[in-house]
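Participant: What follows is input.pdb, made up of PDB, C-alpha atoms, pLDDT in the B column:
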ATOM      1  CA  MET A   1       0.000   0.000   0.000  1.00 41.00           C
ATOM      2  CA  GLY A   2       1.471   3.373  -0.988  1.00 44.00           C
ATOM      3  CA  GLU A   3       1.737   6.369   1.316  1.00 43.00           C
ATOM      4  CA  VAL A   4      -0.841   9.098   0.949  1.00 40.00           C
ATOM      5  CA  SER A   5       0.176  12.740   1.067  1.00 39.00           C
ATOM      6  CA  THR A   6      -1.985  14.945   3.240  1.00 41.00           C
ATOM      7  CA  VAL A   7      -2.397  18.699   3.247  1.00 42.00           C
ATOM      8  CA  LEU A   8      -2.361  20.093   6.789  1.00 44.00           C
ATOM      9  CA  PHE A   9      -3.338  23.489   8.115  1.00 46.00           C
ATOM     10  CA  ARG A  10      -1.393  24.951  11.001  1.00 49.00           C
ATOM     11  CA  PRO A  11      -2.927  27.387  13.576  1.00 56.00           C
ATOM     12  CA  THR A  12      -1.403  30.820  13.106  1.00 56.00           C
ATOM     13  CA  GLY A  13      -3.528  33.382  14.894  1.00 58.00           C
ATOM     14  CA  LEU A  14      -6.710  34.331  16.699  1.00 60.00           C
ATOM     15  CA  ASP A  15      -9.973  35.645  15.338  1.00 58.00           C
ATOM     16  CA  SER A  16     -11.979  38.465  16.932  1.00 59.00           C
ATOM     17  CA  ARG A  17     -13.484  36.031  19.503  1.00 60.00           C
ATOM     18  CA  GLY A  18     -10.052  34.710  20.402  1.00 57.00           C
ATOM     19  CA  ALA A  19     -10.589  31.377  18.633  1.00 57.00           C
ATOM     20  CA  ILE A  20      -7.558  29.938  16.907  1.00 56.00           C
ATOM     21  CA  ILE A  21      -7.551  30.293  13.137  1.00 55.00           C
ATOM     22  CA  SER A  22      -5.550  28.259  10.649  1.00 51.00           C
ATOM     23  CA  ALA A  23      -3.396  29.185   7.697  1.00 48.00           C
ATOM     24  CA  GLY A  24      -0.171  27.976   6.164  1.00 45.00           C
ATOM     25  CA  VAL A  25      -0.116  24.718   4.321  1.00 42.00           C
ATOM     26  CA  PHE A  26       2.441  21.944   4.347  1.00 43.00           C
ATOM     27  CA  VAL A  27       2.427  18.421   2.995  1.00 42.00           C
ATOM     28  CA  THR A  28       3.289  15.228   4.811  1.00 43.00           C
ATOM     29  CA  ALA A  29       2.837  11.513   4.443  1.00 47.00           C
ATOM     30  CA  ASN A  30       3.416   9.889   7.822  1.00 51.00           C
ATOM     31  CA  HIS A  31       1.358   8.708  10.783  1.00 49.00           C
ATOM     32  CA  MET A  32       2.869  11.180  13.275  1.00 50.00           C
ATOM     33  CA  ALA A  33       1.841  14.073  11.051  1.00 49.00           C
ATOM     34  CA  MET A  34      -1.724  12.773  10.995  1.00 42.00           C
ATOM     35  CA  LYS A  35      -1.757  12.679  14.795  1.00 42.00           C
ATOM     36  CA  LYS A  36      -0.470  16.252  14.802  1.00 45.00           C
ATOM     37  CA  LEU A  37      -3.237  17.258  12.368  1.00 40.00           C
ATOM     38  CA  ILE A  38      -5.884  15.830  14.642  1.00 39.00           C
ATOM     39  CA  ARG A  39      -4.382  17.634  17.661  1.00 42.00           C
ATOM     40  CA  GLU A  40      -4.216  20.946  15.782  1.00 46.00           C
ATOM     41  CA  LEU A  41      -7.742  20.689  14.405  1.00 39.00           C
ATOM     42  CA  THR A  42      -9.101  20.009  17.868  1.00 43.00           C
ATOM     43  CA  MET A  43      -7.015  22.721  19.510  1.00 58.00           C
ATOM     44  CA  ALA A  44      -8.645  24.281  22.543  1.00 70.00           C
ATOM     45  CA  GLU A  45     -10.518  27.550  22.237  1.00 79.00           C
ATOM     46  CA  VAL A  46      -9.127  30.626  23.943  1.00 79.00           C
ATOM     47  CA  ARG A  47     -10.836  34.012  24.127  1.00 81.00           C
ATOM     48  CA  SER A  48      -9.045  37.326  23.894  1.00 82.00           C
ATOM     49  CA  ASN A  49     -11.355  39.119  26.344  1.00 84.00           C
ATOM     50  CA  LEU A  50     -10.260  36.847  29.212  1.00 91.00           C
ATOM     51  CA  LYS A  51      -7.150  36.436  31.335  1.00 93.00           C
ATOM     52  CA  TYR A  52      -5.737  33.020  32.209  1.00 93.00           C
ATOM     53  CA  ALA A  53      -3.922  31.359  35.091  1.00 93.00           C
ATOM     54  CA  ALA A  54      -1.079  28.922  34.478  1.00 93.00           C
ATOM     55  CA  THR A  55      -3.238  26.380  36.366  1.00 94.00           C
ATOM     56  CA  HIS A  56      -5.830  26.574  33.524  1.00 94.00           C
ATOM     57  CA  GLU A  57      -8.517  28.772  35.056  1.00 95.00           C
ATOM     58  CA  TRP A  58      -9.944  31.677  33.070  1.00 95.00           C
ATOM     59  CA  ILE A  59     -11.062  34.953  34.613  1.00 95.00           C
ATOM     60  CA  GLU A  60     -13.277  37.764  33.411  1.00 94.00           C
ATOM     61  CA  VAL A  61     -13.254  40.932  35.515  1.00 92.00           C
ATOM     62  CA  LYS A  62     -16.151  43.409  35.456  1.00 93.00           C
ATOM     63  CA  ASP A  63     -16.640  46.128  38.073  1.00 93.00           C
ATOM     64  CA  GLY A  64     -14.372  44.396  40.592  1.00 93.00           C
ATOM     65  CA  VAL A  65     -16.146  41.026  40.235  1.00 95.00           C
ATOM     66  CA  ALA A  66     -14.155  38.107  38.845  1.00 95.00           C
ATOM     67  CA  THR A  67     -16.054  35.330  37.082  1.00 97.00           C
ATOM     68  CA  VAL A  68     -13.946  32.156  37.054  1.00 97.00           C
ATOM     69  CA  GLY A  69     -14.090  28.838  35.238  1.00 97.00           C
ATOM     70  CA  ILE A  70     -11.725  26.300  33.760  1.00 96.00           C
ATOM     71  CA  THR A  71     -10.402  26.649  30.252  1.00 92.00           C
ATOM     72  CA  ASP A  72     -11.390  24.633  27.233  1.00 92.00           C
ATOM     73  CA  TYR A  73      -7.926  23.053  27.335  1.00 90.00           C
ATOM     74  CA  ALA A  74      -8.476  21.958  30.955  1.00 92.00           C
ATOM     75  CA  GLN A  75     -11.934  20.507  30.345  1.00 93.00           C
ATOM     76  CA  GLU A  76     -10.612  18.558  27.346  1.00 91.00           C
ATOM     77  CA  ALA A  77      -7.806  17.136  29.494  1.00 90.00           C
ATOM     78  CA  LEU A  78     -10.232  16.178  32.267  1.00 93.00           C
ATOM     79  CA  GLY A  79     -12.755  14.468  30.030  1.00 93.00           C
ATOM     80  CA  ASP A  80     -16.421  14.176  30.935  1.00 95.00           C
ATOM     81  CA  VAL A  81     -17.110  16.207  34.082  1.00 96.00           C
ATOM     82  CA  VAL A  82     -19.423  14.387  36.500  1.00 97.00           C
ATOM     83  CA  PHE A  83     -19.300  16.605  39.611  1.00 97.00           C
ATOM     84  CA  VAL A  84     -18.317  20.146  40.600  1.00 97.00           C
ATOM     85  CA  GLU A  85     -17.735  21.074  44.238  1.00 97.00           C
ATOM     86  CA  PRO A  86     -17.918  24.885  44.312  1.00 97.00           C
ATOM     87  CA  PRO A  87     -16.632  27.082  47.136  1.00 97.00           C
ATOM     88  CA  GLU A  88     -18.978  28.231  49.871  1.00 97.00           C
ATOM     89  CA  LEU A  89     -20.524  31.676  49.659  1.00 98.00           C
ATOM     90  CA  GLY A  90     -18.759  34.254  51.801  1.00 98.00           C
ATOM     91  CA  GLN A  91     -15.444  32.379  51.939  1.00 97.00           C
ATOM     92  CA  GLN A  92     -12.316  34.430  51.335  1.00 97.00           C
ATOM     93  CA  PHE A  93      -9.456  33.181  49.188  1.00 97.00           C
ATOM     94  CA  ALA A  94      -6.023  34.422  48.222  1.00 94.00           C
ATOM     95  CA  VAL A  95      -4.351  33.967  44.848  1.00 93.00           C
ATOM     96  CA  GLY A  96      -3.365  30.317  44.458  1.00 93.00           C
ATOM     97  CA  ASP A  97      -5.643  28.922  47.170  1.00 96.00           C
ATOM     98  CA  GLU A  98      -7.535  25.723  46.405  1.00 97.00           C
ATOM     99  CA  ILE A  99     -11.079  26.974  45.944  1.00 97.00           C
ATOM    100  CA  ALA A 100     -13.112  24.232  44.214  1.00 97.00           C
ATOM    101  CA  VAL A 101     -12.891  20.658  42.928  1.00 97.00           C
ATOM    102  CA  ILE A 102     -13.952  19.196  39.607  1.00 97.00           C
ATOM    103  CA  GLU A 103     -14.391  15.451  39.207  1.00 97.00           C
ATOM    104  CA  SER A 104     -14.419  13.755  35.835  1.00 95.00           C
ATOM    105  CA  VAL A 105     -14.502  10.197  34.601  1.00 94.00           C
ATOM    106  CA  LYS A 106     -10.678  10.398  34.488  1.00 90.00           C
ATOM    107  CA  ALA A 107      -9.693  12.231  37.682  1.00 91.00           C
ATOM    108  CA  ALA A 108     -10.446  14.838  40.304  1.00 93.00           C
ATOM    109  CA  SER A 109      -8.783  18.221  39.912  1.00 94.00           C
ATOM    110  CA  ASP A 110      -8.394  21.160  42.267  1.00 96.00           C
ATOM    111  CA  ILE A 111      -9.354  24.605  41.033  1.00 96.00           C
ATOM    112  CA  TYR A 112      -7.238  27.503  42.270  1.00 96.00           C
ATOM    113  CA  SER A 113      -8.258  31.077  42.909  1.00 95.00           C
ATOM    114  CA  PRO A 114      -6.662  33.340  40.281  1.00 94.00           C
ATOM    115  CA  VAL A 115      -7.345  36.444  42.409  1.00 94.00           C
ATOM    116  CA  THR A 116      -7.826  37.411  46.046  1.00 94.00           C
ATOM    117  CA  GLY A 117     -11.426  37.940  47.063  1.00 96.00           C
ATOM    118  CA  THR A 118     -14.677  36.729  48.613  1.00 98.00           C
ATOM    119  CA  VAL A 119     -17.044  34.248  46.961  1.00 98.00           C
ATOM    120  CA  ILE A 120     -20.295  36.047  46.123  1.00 98.00           C
ATOM    121  CA  THR A 121     -21.918  33.600  43.666  1.00 97.00           C
ATOM    122  CA  VAL A 122     -21.562  29.997  42.573  1.00 98.00           C
ATOM    123  CA  ASN A 123     -22.998  28.465  39.425  1.00 98.00           C
ATOM    124  CA  GLU A 124     -25.869  26.434  40.870  1.00 97.00           C
ATOM    125  CA  ALA A 125     -26.682  24.964  37.441  1.00 97.00           C
ATOM    126  CA  LEU A 126     -23.528  22.841  37.718  1.00 97.00           C
ATOM    127  CA  GLU A 127     -25.064  20.892  40.613  1.00 96.00           C
ATOM    128  CA  SER A 128     -27.558  19.193  38.298  1.00 97.00           C
ATOM    129  CA  ASP A 129     -25.670  19.668  35.018  1.00 97.00           C
ATOM    130  CA  PRO A 130     -21.883  19.477  35.598  1.00 97.00           C
ATOM    131  CA  GLU A 131     -21.406  18.691  31.888  1.00 96.00           C
ATOM    132  CA  LEU A 132     -21.815  22.428  31.241  1.00 97.00           C
ATOM    133  CA  VAL A 133     -18.130  22.693  32.131  1.00 96.00           C
ATOM    134  CA  ASN A 134     -17.438  20.546  29.044  1.00 95.00           C
ATOM    135  CA  SER A 135     -20.051  21.909  26.652  1.00 94.00           C
ATOM    136  CA  ALA A 136     -19.709  25.628  27.476  1.00 94.00           C
ATOM    137  CA  PRO A 137     -16.641  26.238  29.660  1.00 94.00           C
ATOM    138  CA  PHE A 138     -16.590  29.993  28.904  1.00 93.00           C
ATOM    139  CA  ASP A 139     -20.327  30.544  29.062  1.00 94.00           C
ATOM    140  CA  ALA A 140     -22.823  28.469  31.072  1.00 96.00           C
ATOM    141  CA  GLY A 141     -19.963  26.403  32.580  1.00 97.00           C
ATOM    142  CA  TRP A 142     -18.458  29.155  34.749  1.00 98.00           C
ATOM    143  CA  ILE A 143     -17.895  27.985  38.342  1.00 98.00           C
ATOM    144  CA  PHE A 144     -17.895  30.928  40.774  1.00 98.00           C
ATOM    145  CA  LYS A 145     -17.645  34.694  41.158  1.00 98.00           C
ATOM    146  CA  LEU A 146     -15.416  36.571  43.565  1.00 97.00           C
ATOM    147  CA  GLN A 147     -15.669  40.146  44.805  1.00 97.00           C
ATOM    148  CA  MET A 148     -12.034  41.073  44.327  1.00 95.00           C
ATOM    149  CA  SER A 149     -10.139  42.564  47.269  1.00 94.00           C
ATOM    150  CA  ASP A 150      -8.182  44.681  44.788  1.00 88.00           C
ATOM    151  CA  PRO A 151     -10.181  45.540  41.662  1.00 79.00           C
ATOM    152  CA  ALA A 152      -7.020  45.816  39.538  1.00 76.00           C
ATOM    153  CA  THR A 153      -6.445  42.716  37.412  1.00 66.00           C
ATOM    154  CA  PRO A 154      -3.459  40.852  38.872  1.00 75.00           C
ATOM    155  CA  VAL A 155      -0.231  40.861  36.902  1.00 74.00           C
ATOM    156  CA  ASN A 156       0.280  37.117  37.472  1.00 84.00           C
ATOM    157  CA  LEU A 157      -2.407  36.295  34.905  1.00 92.00           C
ATOM    158  CA  LEU A 158      -1.612  35.377  31.314  1.00 92.00           C
ATOM    159  CA  SER A 159      -2.777  37.040  28.114  1.00 90.00           C
ATOM    160  CA  VAL A 160      -4.468  34.932  25.453  1.00 88.00           C
ATOM    161  CA  GLU A 161      -1.176  34.685  23.549  1.00 89.00           C
ATOM    162  CA  GLN A 162       0.791  33.645  26.651  1.00 90.00           C
ATOM    163  CA  TYR A 163      -1.831  31.059  27.558  1.00 89.00           C
ATOM    164  CA  ALA A 164      -1.872  29.603  24.030  1.00 86.00           C
ATOM    165  CA  GLU A 165       1.943  29.279  24.238  1.00 89.00           C
ATOM    166  CA  LEU A 166       1.633  27.522  27.614  1.00 90.00           C
ATOM    167  CA  CYS A 167      -0.845  25.016  26.204  1.00 87.00           C
ATOM    168  CA  GLU A 168       1.325  24.378  23.163  1.00 85.00           C
ATOM    169  CA  ALA A 169       4.360  23.811  25.390  1.00 87.00           C
ATOM    170  CA  GLU A 170       2.393  21.331  27.515  1.00 84.00           C
ATOM    171  CA  GLU A 171       1.482  19.391  24.367  1.00 76.00           C
ATOM    172  CA  HIS A 172       5.163  18.734  23.626  1.00 66.00           C
TER     173      HIS A 172
END
Take the structure from the file and write it as structure tokens.
Facilitator:
Amino acid sequence: MGEVSTVLFRPTGLDSRGAIISAGVFVTANHMAMKKLIRELTMAEVRSNLKYAATHEWIEVKDGVATVGITDYAQEALGDVVFVEPPELGQQFAVGDEIAVIESVKAASDIYSPVTGTVITVNEALESDPELVNSAPFDAGWIFKLQMSDPATPVNLLSVEQYAELCEAEEH
């Protein structure tokens, strides 16, 4: 059986929503390249309006309130989410504190606070529908909201470009 050449598209940028776009074509004919194609075509979504923690949480800050969830990359790594243990209302957390737990069919994973603040809301929909973390990690799958102690966005958070680089480095 002869080898088949395949045209592959490589991610090269972000669209206006922060989703990865593809351009640049190269040709290959081996199995490893096909695995790479599959990985690149299923690359995790990142959004440019968010900040990211190196521990794979995303954060959106509006009027001193931080909405937090796990990234698309993290939910893909976890697999099917079956349970989310959110923090308790009124609890205070510092940057890096364990704040919640997500359980999947593969493993349990701690969620860390990307900012210092007090829990003011948790996503109650996740109690009956934890799969929202998989199906809509940036939308209906958010986990909790914190009233930030300092309304300035912390400098320890990553930009969309820095987070995409982190994910790519973890793939290798």
Participant: Could you pull the residues within 8 Å of A:Val101, counting only C-alpha atoms, minus those fewer than 2 positions along the same chain, as a ChimeraX atom specification?
Facilitator: /A:84-86,99,103,108-111
Participant: Using all atoms listed in the file, which residue out of A:Ala66, A:Ala152, A:Ala100, A:Ala169 lies closest to A:Thr118?
Facilitator: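 Between A:Ala66, A:Ala152, A:Ala100, A:Ala169, the residue approaching A:Thr118 most closely is A:Ala66.
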Participant: List the residues selected by the PyMOL selection byres ((chain A and resi 88) around 12) in the file shown, writing them as an NGL selection string.
Facilitator: :A and (85-87 or 89-93 or 99-101 or 118-124 or 143-146)
Participant: Keeping C-alpha atoms for every residue in the selection just given, could you write it to a file as a PDB file, in the coordinates of the input?
Facilitator:
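Written out: out-v5.pdb:
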ATOM      1  CA  GLU A  85     -17.735  21.074  44.238  1.00 97.00           C
ATOM      2  CA  PRO A  86     -17.918  24.885  44.312  1.00 97.00           C
ATOM      3  CA  PRO A  87     -16.632  27.082  47.136  1.00 97.00           C
ATOM      4  CA  LEU A  89     -20.524  31.676  49.659  1.00 98.00           C
ATOM      5  CA  GLY A  90     -18.759  34.254  51.801  1.00 98.00           C
ATOM      6  CA  GLN A  91     -15.444  32.379  51.939  1.00 97.00           C
ATOM      7  CA  GLN A  92     -12.316  34.430  51.335  1.00 97.00           C
ATOM      8  CA  PHE A  93      -9.456  33.181  49.188  1.00 97.00           C
ATOM      9  CA  ILE A  99     -11.079  26.974  45.944  1.00 97.00           C
ATOM     10  CA  ALA A 100     -13.112  24.232  44.214  1.00 97.00           C
ATOM     11  CA  VAL A 101     -12.891  20.658  42.928  1.00 97.00           C
ATOM     12  CA  THR A 118     -14.677  36.729  48.613  1.00 98.00           C
ATOM     13  CA  VAL A 119     -17.044  34.248  46.961  1.00 98.00           C
ATOM     14  CA  ILE A 120     -20.295  36.047  46.123  1.00 98.00           C
ATOM     15  CA  THR A 121     -21.918  33.600  43.666  1.00 97.00           C
ATOM     16  CA  VAL A 122     -21.562  29.997  42.573  1.00 98.00           C
ATOM     17  CA  ASN A 123     -22.998  28.465  39.425  1.00 98.00           C
ATOM     18  CA  GLU A 124     -25.869  26.434  40.870  1.00 97.00           C
ATOM     19  CA  ILE A 143     -17.895  27.985  38.342  1.00 98.00           C
ATOM     20  CA  PHE A 144     -17.895  30.928  40.774  1.00 98.00           C
ATOM     21  CA  LYS A 145     -17.645  34.694  41.158  1.00 98.00           C
ATOM     22  CA  LEU A 146     -15.416  36.571  43.565  1.00 97.00           C
TER      23      LEU A 146
END
Participant: Please provide as a count of residues only all residues within 10 Å of A:Glu60, with the sequence filter that same-chain residues fewer than 5 positions apart are discarded (counting all atoms listed in the file).
Facilitator: 12
Participant: Tell me which of A:Ala53, A:Ala140, A:Met148, A:Leu166 sits closest to A:Pro114, counting all atoms listed in the file.
Facilitator: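 Selected residue with least distance to A:Pro114: A:Ala53.
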